[in-house]
Amino acid sequence: MKKISFSEITPEKIYLKRRDFIKKLGLSTSSLMIGQNFLNNAYASTNNLEPTEYRYISTYNNYYEFGTRKSDPVEKSQNFKTEPWNIKIDGEVENKFNISALEINNMFESEERIYRLRCVEGWSMVIPWMGFSLSKLLEKAKPNNKAKFVEFISVYDPAQMPGQKYPILQWPYREGLRIDEAMHPLTTLVTGLYGKKLPNQNGAPLRLIVPWKYGFKSAKAIVNIKLVEKMPTSSWMRSSPREYGFYSNVNPNVDHPRWSQASERVIGSGILSERIPTQMFNGYGDEVADLYSGMDLKKYF
Amino acid sequence: MIKYFKAFIFFLCLWPLGIIITNIYYNDLGPEPVKKIMNHFGEWTLIFICLTLSMSPLKRITNLSFWIKFRRMLGLFVFFYATIHLLTYVGLDYRFDWEPIINDVLKKKYIFIGFSAWLLLIPLAATSSQKMIRILRHNWKNLHRLIYAIAIFGSLHYIWLSKTIFFKPLIYTAIIVVLLALRIKIKKRDINYG
């Protein structure tokens with residue numbers, strides 16, 4: 001495994017102090033703001049989570065553009081160029097535009113969001129992301145009434161991404177959300193990790209996080225956000241429709257053909273620690289269950 | 001001389017176990033230690049299956065009977081590592097929580113076939129002694145042909161648990177197919193080679 005020097009890791013004590021400070025500050029000021037109550041609740045339900053160590057979050061990644069081993073992304077992405085980086089927002093919108101990652105960083109203030117991440121393979125982490133609600137960006141584009149879904153298209157650059165030389169998945173990587181899922185305040189456009197710039201292996205410069213869905217729904221290194229009328233086909237759906245549905249909500253009652261989804265291994269918890277039970281919607285049911293009322297989630301997995 | 005050499009090979013075969021013990025000692029198993037241990041022993045089981053199946057073709061190719069002397073030991077190491085692999089899954093991962101385990105065995109085809117392969121190994125390990133060879137006579141050879149099925153089950157187990165078309169499971173499958181294909185030819189020439 002690649003060694004990380006100490007200077008690259010935020011000492012945990014300093015980090016926790018900083019979080020505590022932000023929390024004290026954030027909860028008192030933002031609770032005065034109208035429309036923020038909802039997020040505060042979401043934040044409150046997760047702020048007692050102990051984040052997974054940085055060394056695991058940044059070395060244990062599924063990012064097949066750089067290779068299929070967990071260690072490939074950190075080993076092969078260090079020279080990946082994320083500047084300049086342009087994102088196109090188009091499709092069923094009144095206001096199509098191109099914007100650079102730098103402009104996005106200046107236009108939208110990132111806040112810390114500590115979310116659980118549940119991988120479809122049966123493991124989980126708790127990750128302190130930096131980011132903001134995707135809805136803020138989408139509102140700028142003014143989706144029209146034909147915009148029913150949002151498609152996320154990741155970068156295609158086989159010269160820099162060795163994994164893309166193989167037909168492991170259909171490249172570029174595609175993912176999709178229903179418009180109401182995309183506009184949900186928990187759906188986050190991520191710019192950073194552990195209070196710092198997002199590492200390349202975690203999807204720099206800009207990635208999605210949909211905390212109540214399996215990790216693969218959260219596309220990395222996004223270059224195009226397209227609002228569309230018809231349900232887009234994601235790369236994983238195309239590769240194996242039986243195994244990967246469009247919704248892919250974390251659901252302990254619907255098993256993947258290979259992995260039981262009833263429980264999960266917590267990354268970094270040691271050889272003798274037990275699996276923990278997986279929660280419906282990864283524990284975000286209070287916030288998101290309404291989106292799926294009346295739907296048979298066994299059928300729409 | 002062969003006795004010392006056999007002892008040497010025996011300790012060499014313990015190498016995969018040594019790696020994990022060292023890793024545990026230095027706390028160097030990474031973010032998902034249980035999975036790492038499980039995969040490690042699973043892969044070594046397949047390697048030992050390939051080694052075991054290589055002995056009689058090597059005997060034929062080199063015209064040296066020397067190879068056959070290692071076949072039993074290697075075969076028993078298949079059982080040894082398969083058992084540790086299974087125990088890691090049942091004990092370390094699922095804490096002997098039988099309900100999800102039984103569910104997995106019945107519902108997930110890669111676990112079903114992997115478990116079947118382990119069950120088939122039991123009679124082979126149990127009848128590996130010189131005494132059992134004498135007692136079973138012709139039946140012994142027939143019984144021990146089960147290793148061919150076990151090898152195929154093992155490679156299917158690896159293919160089916162893989163998320164996409166991966167390189168490694170196909171390599172093992174190719175090796176096993178070649179080792180089995182060599183036997184078809186062997187049998188045509190001389191019925192005594194198993």
# chains A, B, ... in the order shown; residues from 1 in each chain; ligands from 1
$ interface_residues --of "chain A" --to "chain B" --cutoff "8 Å" --atoms "only C-alpha atoms" --output "ChimeraX atom specification"
/A:56,60,168,257-258,260,265-272,274-275
$ select_by_dssp --residues "segment 78-229 of chain A" --states "strand (DSSP E or B)" --output "MDAnalysis selection string"
chainID A and resid 86:91 93 97:100 111:118 123:133 143 149:154 174:178 188:193 196:197 207:209 213 222:228
$ residues_around --residues "His40 of chain B" --least-positions-apart "4" --cutoff "9 Å" --atoms "only C-alpha atoms" --output "list of chain:residue names"
B:Pro16, B:Ile20, B:Lys35, B:Lys36, B:Trp44, B:Thr45, B:His85
$ closest_residue --among "A:Lys213, A:Lys70, A:Lys230, A:His256" --to "Lys148 of chain A" --atoms "only C-alpha atoms"
A:Lys230
$ residues_around --residues "Leu208 of chain A" --least-positions-apart "5" --cutoff "7 Å" --atoms "only C-alpha atoms" --output "number ranges by chain"
A: 188-190, 218-220
$ atom_distance --atom1 "atom CA of Ile9 of chain B" --atom2 "atom CA of Phe48 of chain B"
12.5 Å
$ select_by_dssp --residues "segment 44-175 of chain B" --states "alpha helix (DSSP H)" --output "PyMOL selection string"
chain B and resi 44-62+71-87+98-107+109-126+130-136+138-144+146-161+167-175
$ closest_residue --among "B:Gly18, B:Gly154, B:Pro57, B:Pro169" --to "Ala82 of chain B" --atoms "only C-alpha atoms"
B:Gly154
$ residues_around --residues "Arg242 of chain A" --least-positions-apart "2" --cutoff "12 Å" --atoms "only C-alpha atoms" --output "ChimeraX atom specification"
/A:236-240,244-246,248,255-258,299-301
$ write_last_selection --atoms "N, CA and C atoms" --output "PDB file, in the first residue's frame"
ATOM      1  N   TRP A 236     -23.855   1.151 -15.181  1.00  0.00           N
ATOM      2  CA  TRP A 236     -24.015  -0.119 -14.480  1.00  0.00           C
ATOM      3  C   TRP A 236     -25.295  -0.834 -14.903  1.00  0.00           C
ATOM      4  N   MET A 237     -26.365  -0.067 -15.180  1.00  0.00           N
ATOM      5  CA  MET A 237     -27.586  -0.707 -15.679  1.00  0.00           C
ATOM      6  C   MET A 237     -27.316  -1.384 -17.006  1.00  0.00           C
ATOM      7  N   ARG A 238     -26.539  -0.703 -17.853  1.00  0.00           N
ATOM      8  CA  ARG A 238     -26.228  -1.265 -19.155  1.00  0.00           C
ATOM      9  C   ARG A 238     -25.389  -2.531 -19.010  1.00  0.00           C
ATOM     10  N   SER A 239     -24.472  -2.502 -18.058  1.00  0.00           N
ATOM     11  CA  SER A 239     -23.571  -3.641 -17.888  1.00  0.00           C
ATOM     12  C   SER A 239     -24.317  -4.857 -17.313  1.00  0.00           C
ATOM     13  N   SER A 240     -25.255  -4.628 -16.406  1.00  0.00           N
ATOM     14  CA  SER A 240     -25.982  -5.755 -15.813  1.00  0.00           C
ATOM     15  C   SER A 240     -27.316  -5.285 -15.229  1.00  0.00           C
ATOM     16  N   TYR A 244     -28.215  -4.089 -11.239  1.00  0.00           N
ATOM     17  CA  TYR A 244     -28.195  -2.680 -10.879  1.00  0.00           C
ATOM     18  C   TYR A 244     -29.405  -1.973 -11.465  1.00  0.00           C
ATOM     19  N   GLY A 245     -30.294  -1.534 -10.582  1.00  0.00           N
ATOM     20  CA  GLY A 245     -31.465  -0.812 -11.033  1.00  0.00           C
ATOM     21  C   GLY A 245     -31.191   0.676 -11.148  1.00  0.00           C
ATOM     22  N   PHE A 246     -32.164   1.399 -11.690  1.00  0.00           N
ATOM     23  CA  PHE A 246     -31.995   2.838 -11.818  1.00  0.00           C
ATOM     24  C   PHE A 246     -31.969   3.505 -10.447  1.00  0.00           C
ATOM     25  N   SER A 248     -31.496   2.154  -7.164  1.00  0.00           N
ATOM     26  CA  SER A 248     -30.376   1.735  -6.317  1.00  0.00           C
ATOM     27  C   SER A 248     -30.349   2.434  -4.963  1.00  0.00           C
ATOM     28  N   ASP A 255     -31.839  -7.910  -1.834  1.00  0.00           N
ATOM     29  CA  ASP A 255     -30.481  -8.399  -2.008  1.00  0.00           C
ATOM     30  C   ASP A 255     -29.994  -8.218  -3.429  1.00  0.00           C
ATOM     31  N   HIS A 256     -28.709  -7.921  -3.535  1.00  0.00           N
ATOM     32  CA  HIS A 256     -28.024  -7.978  -4.817  1.00  0.00           C
ATOM     33  C   HIS A 256     -27.739  -9.464  -5.073  1.00  0.00           C
ATOM     34  N   PRO A 257     -27.717  -9.906  -6.357  1.00  0.00           N
ATOM     35  CA  PRO A 257     -27.473 -11.333  -6.594  1.00  0.00           C
ATOM     36  C   PRO A 257     -26.210 -11.864  -5.916  1.00  0.00           C
ATOM     37  N   ARG A 258     -25.216 -11.022  -5.722  1.00  0.00           N
ATOM     38  CA  ARG A 258     -23.996 -11.525  -5.092  1.00  0.00           C
ATOM     39  C   ARG A 258     -23.856 -11.141  -3.624  1.00  0.00           C
ATOM     40  N   LYS A 299     -39.535  -3.864  -6.775  1.00  0.00           N
ATOM     41  CA  LYS A 299     -39.606  -3.842  -8.216  1.00  0.00           C
ATOM     42  C   LYS A 299     -38.708  -2.741  -8.776  1.00  0.00           C
ATOM     43  N   TYR A 300     -38.829  -1.561  -8.179  1.00  0.00           N
ATOM     44  CA  TYR A 300     -37.971  -0.444  -8.612  1.00  0.00           C
ATOM     45  C   TYR A 300     -36.745  -0.382  -7.721  1.00  0.00           C
ATOM     46  N   PHE A 301     -35.861  -1.372  -7.904  1.00  0.00           N
ATOM     47  CA  PHE A 301     -34.677  -1.415  -7.023  1.00  0.00           C
ATOM     48  C   PHE A 301     -33.568  -0.557  -7.583  1.00  0.00           C
TER      49      PHE A 301
END
$ residues_around --residues "Ile122 of chain B" --least-positions-apart "5" --cutoff "12 Å" --atoms "only C-alpha atoms" --output "JSON, numbers by chain"
{"B": [75, 76, 78, 79, 80, 82, 83, 115, 116, 117, 127, 128, 143, 144, 146, 147, 150]}
$ closest_residue --among "B:Phe41, B:Lys141, B:Cys13, B:Leu46" --to "Lys168 of chain B" --atoms "only C-alpha atoms"
B:Leu46
$ residues_around --residues "Ala151 of chain B" --least-positions-apart "6" --cutoff "10 Å" --atoms "only C-alpha atoms" --output "PyMOL selection string"
chain B and resi 45-46+49-50+53+117+157+172-173+176-177+179-180
$ atom_distance --atom1 "atom CA of Asn142 of chain B" --atom2 "atom CA of Arg71 of chain B"
16.0 Å
$ atom_distance --atom1 "atom CA of Pro277 of chain A" --atom2 "atom CA of Ser263 of chain A"
4.2 Å
$ closest_residue --among "A:Ser235, A:Thr191, A:Asn249, A:Ser100" --to "Pro128 of chain A" --atoms "only C-alpha atoms"
A:Thr191
